[in-house]
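Written below as structure tokens is the structure these notes are about.
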2 protein chains.
Amino acid sequence: MVTLRDVANKAGVAVSTASYALNNSSKISLATRKKVHKASRDLGYQPHGIARNLKKQKTETIGLFLNDLSGPYYSEVIQGVQDVVSAHGYDLIVGSASGGTNSTAYKFLLEKRVDGAVILAPKINDAEISRVAKASLPIIVLDRRLDSDYIKYVLIDNLNGAYQAVSHLINRGYHKIVYLSGPEDSFDNQERFKGYQRALLENGFNLMPQRIISGNFTEKEGYQVISGFLAQEERIDAIFSANDEMAIGAIQAIREMSFKIPDDIAIVGFDDIRLASYINPPLTTIRHPKYEMGRFATNMVFQVLHGSKAESVVLPTQLITRQST
Amino acid sequence: MVTLRDVANKAGVAVSTASYALNNSSKISLATRKKVHKASRDLGYQPHGIARNLKKQKTETIGLFLNDLSGPYYSEVIQGVQDVVSAHGYDLIVGSASGGTNSTAYKFLLEKRVDGAVILAPKINDAEISRVAKASLPIIVLDRRLDSDYIKYVLIDNLNGAYQAVSHLINRGYHKIVYLSGPEDSFDNQERFKGYQRALLENGFNLMPQRIISGNFTEKEGYQVISGFLAQEERIDAIFSANDEMAIGAIQAIREMSFKIPDDIAIVGFDDIRLASYINPPLTTIRHPKYEMGRFATNMVFQVLHGSKAESVVLPTQLITRQST
DNA sequence: CAAATATAGTGAAACGTTTCTAATAAAAAG
DNA sequence: CTTTTTATTAGAAACGTTTCACTATATTTG
């Protein structure tokens with residue numbers, strides 16, 4: 001391995017001089033700067049990032065930590081984060097949070113391998129996040145309401161989004177509306193449920209426990225639980241699914257039982273994933289600004305890093321009406 | 001920041017002793033080991049990963065570098081890589097290669113921030129990869145045929161896949177088959193074109209230049225170029241699209257012009273992305289083992305890292321017949 | 001022309017670990 | 001009772017940078 005020392009030797013200067021020269025410090029005369037650069041090029045010198053990080057006590061890297069790297073849902077968020085990180089001349093690394101306290105995410109946070117982080121990973125709990133955040137490692141969370149000096153959140157307005165969705169169903173004349181739920185411990189799910197509840201109550205309907213069906217945000221589960229539900233006696237006329245994935249499964253279940261969508265049963269999802277507009281019938285859903293979330297969050301990371309205050313924020317959602325209602 | 005030195009002081013031992021103790025070396029008596037662990041816990045000590053990396057001259061991190069982090073196409077590959085990396089107790093970081101020589105990908109490779117890498121990013125060119133690969137940094141590429149001591153490839157059998165696709169069309173009686181091409185400089189595209197060509201020639205058809213339409217792998221482009229093509233006089237009866245994205249765009253174009261699929265025009269894609277089975281009509285396509293690619297590649301990284309030889313490999317593809325043909 | 005200042009370069013410490021080698025003390029062997 | 005071995009701990013160097021404090025020249029100033 002060719003180190004700075006080798007370059008310095010070849011150029012016939014001290015290693016400190018070589019360092020200054022390569023960083024183009026004005027302390028070093030142009031002539032020796034040239035000499036050092038040449039030596040560096042000749043030897044094919046590459047600075048050792050890790051050594052530099054250690055000395056400078058920073059990595060100029062921002063981490064984005066996700067529950068699971070393969071969720072297609074994330075891609076727009078990632079893009080937003082990437083754009084802002086690059087704009088600041090930093091690097092972005094994406095890591096997984098699966099594996100709990102010995103996940104890559106947790107390790108990198110703990111070991112100061114990143115200078116800031118955006119977290120969208122329910123698997124890392126609040127206490128752990130609070131423990132590692134500091135002035136030199138601000139954290140923005142996208143999946144919970146957590147706020148302190150060095151931790152801010154960017155959320156979407158889940159509650160209002162769900163409220164919009166269910167109100168829309170009610171306005172169209174659907175009254176027996178099922179809530180197809182995500183996992184109980186999901187923050188998003190909880191908020192969306194609140195929105196469902198509020199829309200019902202404000203329109204004079206009761207919350208009927210038998211119309212709350214629990215799922216886990218996956219298409220498969222959506223298919224299965226809705227198949228099961230429709231096979232029983234109670235008739236309903238609409239479904240509000242806590243996310244699009246389950247809604248897609250539900251649509252398949254509904255069609256298999258030869259109910260007509262939206263005439264017999266209407267359905268609204270949440271997220272506006274790509275598939276939503278391609279499925280048959282195209283799915284009415286709640287769109288939220290995923291790319292913007294990424295941008296907001298990352299800008300906040302840099303704000304805190306630069307010593308200014310950042311304010312947590314909740315972004316609005318939008319009802320996208322398609323043929324499923 | 002609490003360092004090993006602090007722990008050592010608190011425990012009343014030398015820092016070397018503290019290091020051995022925390023790493024549970026048998027050189028240190030159980031009594032002092034306990035003492036040091038306690039001091040560590042009391043102070044909330046966290047080892048500094050960067051410092052350790054520098055000293056040990058390794059990071060125990062594998063990089064996966066993609067052209068662009070937001071491609072949903074990658075998610076299965078990522079999963080395969082992640083699974084193998086975790087199984088080896090290493091960490092995975094995913095980084096972008098966009099930005100060329102000052103992309104995160106390139107920087108991390110150059111600066112030895114990872115111990116091995118899987119690359120699926122045409123934006124990084126062969127020369128650069130060859131330059132950085134070494135025994136202590138093996139690289140597996142997924143998007144080209146590049147082979148040396150420390151560089152191996154895992155590819156899918158693009159040529160045969162395309163051959164299967166076009167043969168299938170011919171067997172079904174379609175004879176005027178358009179090739180909807182990806183970018184000329186894409187390795188995948190080149191191979192797929194060769195497969196198209198071979199299938200035609202082997203079945204006694206000629207390659208007709210006006211039936212080669214250039215696209216860029218995006219849905220939008222697929223829609224536009226096929227719309228334009230169909231508006232002109234020449235009648236065709238099938239399209240082989242170099243990927244599913246373009247095929248989806250093409251399907252929309254075809255339907256808008258009220259041709260029937262597959263009666264008037266049949267279409268086959270390549271990749272078997274998720275949307276392929278949801279689109280109307282469901283798309284016949286070539287499936288390839290994306291998850292397996294990730295697994296193979298990552299296993300090879302570790303093989304080379306452990307000093308054994310790895311063999312580049314080409315994985316088979318599979319024709320998935322759906323209603324578009 | 002002496003004194004003050006600017007310029008160019010150097011040496012060494014530091015970042016936080018790991019690990020080699022040496023030192024000490026206790027135990028075993030002769 | 002001396003010598004050798006073993007167990008435990010300590011000291012110091014090393015990983016590859018950056019940067020502080022300093023020296024030695026060269027230049028400016030009064």
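Letters for chains follow the order of the structure tokens (A, B, ...), residue numbers begin at 1 for each chain, and ligand numbers begin at 1 in the order shown.
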_I'd like the neighbourhood of Ser98 in chain B as JSON, numbers by chain, where a residue qualifies if any of its atoms comes within 7 Å (using only C-alpha atoms (C1' of nucleotides)), though same-chain residues fewer than 3 positions away should be ignored._
{"B": [67, 68, 103, 123]}
Create the file for the chosen residues now, containing C-alpha atoms and written as a PDB file, in the first residue's frame.
ATOM      1  CA  ASN B  67     -26.250   2.792 -10.452  1.00  0.00           C
ATOM      2  CA  ASP B  68     -28.978   4.440  -8.642  1.00  0.00           C
ATOM      3  CA  SER B 103     -19.557   8.871  -6.473  1.00  0.00           C
ATOM      4  CA  LYS B 123     -21.640   3.805 -14.701  1.00  0.00           C
TER       5      LYS B 123
END
*Based on DSSP run over this structure's backbone, return all residues of range 65-277 of chain B in strand (DSSP E or B), as a ChimeraX atom specification.*
/B:65-66,91-96,116-120,134,137,139-141,151-156,177-181,212-214,238-241,266-268,271
*Would you kindly report the residues of chain B within 7 Å of chain C, using only C-alpha atoms (C1' of nucleotides), as a list in words?*
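Here is what falls inside 7 Å: Thr3, His48, Ala51, Arg52, Lys55 and Lys56 of chain B.
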Per-residue nearest contacts of chain B to chain D (9 Å; only C-alpha atoms (C1' of nucleotides)) as JSON lines:
{"residue": "B:Val13", "atom": "CA", "partner": "D:DT9", "partner_atom": "C1'", "distance": 8.1}
{"residue": "B:Ala14", "atom": "CA", "partner": "D:DA10", "partner_atom": "C1'", "distance": 6.1}
{"residue": "B:Val15", "atom": "CA", "partner": "D:DA10", "partner_atom": "C1'", "distance": 8.7}
{"residue": "B:Ser16", "atom": "CA", "partner": "D:DA10", "partner_atom": "C1'", "distance": 7.6}
{"residue": "B:Thr17", "atom": "CA", "partner": "D:DT9", "partner_atom": "C1'", "distance": 6.8}
{"residue": "B:Lys27", "atom": "CA", "partner": "D:DT8", "partner_atom": "C1'", "distance": 6.9}
{"residue": "B:Ile28", "atom": "CA", "partner": "D:DT8", "partner_atom": "C1'", "distance": 6.3}
{"residue": "B:Ser29", "atom": "CA", "partner": "D:DT8", "partner_atom": "C1'", "distance": 6.8}
{"residue": "B:Ala51", "atom": "CA", "partner": "D:DC15", "partner_atom": "C1'", "distance": 8.7}
{"residue": "B:Asn53", "atom": "CA", "partner": "D:DC15", "partner_atom": "C1'", "distance": 8.8}
{"residue": "B:Leu54", "atom": "CA", "partner": "D:DC15", "partner_atom": "C1'", "distance": 5.4}
{"residue": "B:Lys55", "atom": "CA", "partner": "D:DC15", "partner_atom": "C1'", "distance": 4.5}
{"residue": "B:Lys56", "atom": "CA", "partner": "D:DC15", "partner_atom": "C1'", "distance": 7.4}
{"residue": "B:Gln57", "atom": "CA", "partner": "D:DC15", "partner_atom": "C1'", "distance": 7.2}
With N, CA, C and O atoms retained, could you export that selection as a PDB file, in the first residue's frame?
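Wrote out28.pdb, looks like this:
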ATOM      1  N   VAL B  13      -6.051  -0.431  35.124  1.00  0.00           N
ATOM      2  CA  VAL B  13      -5.163  -1.323  34.369  1.00  0.00           C
ATOM      3  C   VAL B  13      -4.595  -0.561  33.177  1.00  0.00           C
ATOM      4  O   VAL B  13      -4.993   0.576  32.911  1.00  0.00           O
ATOM      5  N   ALA B  14      -3.693  -1.179  32.461  1.00  0.00           N
ATOM      6  CA  ALA B  14      -3.143  -0.559  31.261  1.00  0.00           C
ATOM      7  C   ALA B  14      -4.158  -0.644  30.128  1.00  0.00           C
ATOM      8  O   ALA B  14      -5.031  -1.519  30.130  1.00  0.00           O
ATOM      9  N   VAL B  15      -4.055   0.238  29.165  1.00  0.00           N
ATOM     10  CA  VAL B  15      -5.015   0.237  28.079  1.00  0.00           C
ATOM     11  C   VAL B  15      -4.910  -1.055  27.269  1.00  0.00           C
ATOM     12  O   VAL B  15      -5.927  -1.584  26.795  1.00  0.00           O
ATOM     13  N   SER B  16      -3.699  -1.582  27.167  1.00  0.00           N
ATOM     14  CA  SER B  16      -3.591  -2.854  26.448  1.00  0.00           C
ATOM     15  C   SER B  16      -4.380  -3.939  27.179  1.00  0.00           C
ATOM     16  O   SER B  16      -5.102  -4.727  26.568  1.00  0.00           O
ATOM     17  N   THR B  17      -4.243  -3.946  28.474  1.00  0.00           N
ATOM     18  CA  THR B  17      -4.987  -4.922  29.273  1.00  0.00           C
ATOM     19  C   THR B  17      -6.484  -4.752  29.058  1.00  0.00           C
ATOM     20  O   THR B  17      -7.225  -5.730  28.894  1.00  0.00           O
ATOM     21  N   LYS B  27      -5.591 -14.353  27.945  1.00  0.00           N
ATOM     22  CA  LYS B  27      -4.366 -13.871  28.576  1.00  0.00           C
ATOM     23  C   LYS B  27      -4.660 -13.135  29.878  1.00  0.00           C
ATOM     24  O   LYS B  27      -3.782 -12.985  30.716  1.00  0.00           O
ATOM     25  N   ILE B  28      -5.844 -12.633  29.966  1.00  0.00           N
ATOM     26  CA  ILE B  28      -6.194 -11.800  31.114  1.00  0.00           C
ATOM     27  C   ILE B  28      -6.991 -12.629  32.123  1.00  0.00           C
ATOM     28  O   ILE B  28      -7.878 -13.391  31.743  1.00  0.00           O
ATOM     29  N   SER B  29      -6.657 -12.465  33.372  1.00  0.00           N
ATOM     30  CA  SER B  29      -7.350 -13.251  34.400  1.00  0.00           C
ATOM     31  C   SER B  29      -8.818 -12.879  34.448  1.00  0.00           C
ATOM     32  O   SER B  29      -9.209 -11.759  34.137  1.00  0.00           O
ATOM     33  N   ALA B  51     -11.427   3.678  14.436  1.00  0.00           N
ATOM     34  CA  ALA B  51     -10.089   3.432  14.988  1.00  0.00           C
ATOM     35  C   ALA B  51      -9.750   1.948  14.856  1.00  0.00           C
ATOM     36  O   ALA B  51      -8.642   1.576  14.465  1.00  0.00           O
ATOM     37  N   ASN B  53     -10.964  -0.159  12.710  1.00  0.00           N
ATOM     38  CA  ASN B  53     -10.758  -0.461  11.290  1.00  0.00           C
ATOM     39  C   ASN B  53      -9.348  -0.093  10.860  1.00  0.00           C
ATOM     40  O   ASN B  53      -8.690  -0.820  10.136  1.00  0.00           O
ATOM     41  N   LEU B  54      -8.909   1.044  11.316  1.00  0.00           N
ATOM     42  CA  LEU B  54      -7.590   1.511  10.913  1.00  0.00           C
ATOM     43  C   LEU B  54      -6.521   0.547  11.409  1.00  0.00           C
ATOM     44  O   LEU B  54      -5.655   0.112  10.661  1.00  0.00           O
ATOM     45  N   LYS B  55      -6.609   0.224  12.664  1.00  0.00           N
ATOM     46  CA  LYS B  55      -5.600  -0.645  13.234  1.00  0.00           C
ATOM     47  C   LYS B  55      -5.639  -2.052  12.626  1.00  0.00           C
ATOM     48  O   LYS B  55      -4.616  -2.618  12.267  1.00  0.00           O
ATOM     49  N   LYS B  56      -6.822  -2.578  12.506  1.00  0.00           N
ATOM     50  CA  LYS B  56      -6.938  -3.950  12.014  1.00  0.00           C
ATOM     51  C   LYS B  56      -6.816  -4.038  10.502  1.00  0.00           C
ATOM     52  O   LYS B  56      -6.734  -5.115   9.940  1.00  0.00           O
ATOM     53  N   GLN B  57      -6.847  -2.906   9.879  1.00  0.00           N
ATOM     54  CA  GLN B  57      -6.753  -2.874   8.425  1.00  0.00           C
ATOM     55  C   GLN B  57      -7.862  -3.665   7.745  1.00  0.00           C
ATOM     56  O   GLN B  57      -7.638  -4.284   6.714  1.00  0.00           O
TER      57      GLN B  57
END
So that each row is one residue of chain A with an atom at most 7 Å from chain B, can you give its shortest atom pair and the distance in Å to one decimal, using only C-alpha atoms, rows by chain and rising number, as a Markdown table?
| residue | atom | partner | partner_atom | distance |
| --- | --- | --- | --- | --- |
| A:Gln46 | CA | B:Glu111 | CA | 6.7 |
| A:Pro47 | CA | B:Glu111 | CA | 6.4 |
| A:His48 | CA | B:Glu111 | CA | 5.1 |
| A:Gly49 | CA | B:Glu111 | CA | 4.9 |
| A:Ile50 | CA | B:Leu54 | CA | 6.0 |
| A:Ala51 | CA | B:Leu54 | CA | 6.0 |
| A:Leu54 | CA | B:Ile50 | CA | 6.0 |
| A:Leu69 | CA | B:Ile78 | CA | 6.8 |
| A:Ser70 | CA | B:Ser75 | CA | 4.3 |
| A:Gly71 | CA | B:Ser75 | CA | 6.7 |
| A:Pro72 | CA | B:Pro72 | CA | 5.2 |
| A:Ser75 | CA | B:Ser70 | CA | 4.3 |
| A:Glu76 | CA | B:Ser70 | CA | 6.4 |
| A:Ile78 | CA | B:Ser70 | CA | 6.3 |
| A:Gln79 | CA | B:Ser70 | CA | 6.0 |
| A:Asp91 | CA | B:Thr104 | CA | 5.4 |
| A:Leu92 | CA | B:Gly95 | CA | 6.4 |
| A:Ile93 | CA | B:Gly95 | CA | 5.1 |
| A:Val94 | CA | B:Val94 | CA | 4.9 |
| A:Gly95 | CA | B:Ile93 | CA | 5.1 |
| A:Thr104 | CA | B:Asp91 | CA | 5.4 |
| A:Leu110 | CA | B:Gln46 | CA | 6.9 |
| A:Glu111 | CA | B:Gly49 | CA | 4.9 |
| A:Lys112 | CA | B:His48 | CA | 6.8 |
| A:Arg113 | CA | B:Ile50 | CA | 6.6 |
| A:Leu275 | CA | B:Leu275 | CA | 6.6 |
| A:Tyr278 | CA | B:Ile279 | CA | 6.0 |
| A:Ile279 | CA | B:Tyr278 | CA | 5.9 |
_helix (DSSP H, G or I) positions in range 143-314 of chain B, given as a ChimeraX atom specification_ = /B:158-171,187-202,209-211,219-231,244-256,274-277,290-305
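With chain A held fixed and chain B fitted to it over all Cα atoms, the RMSD is 0.1 Å.
Taking CA of Leu315 in chain A and CA of Arg295 in chain A as the two end points, the separation is 11.8 Å.
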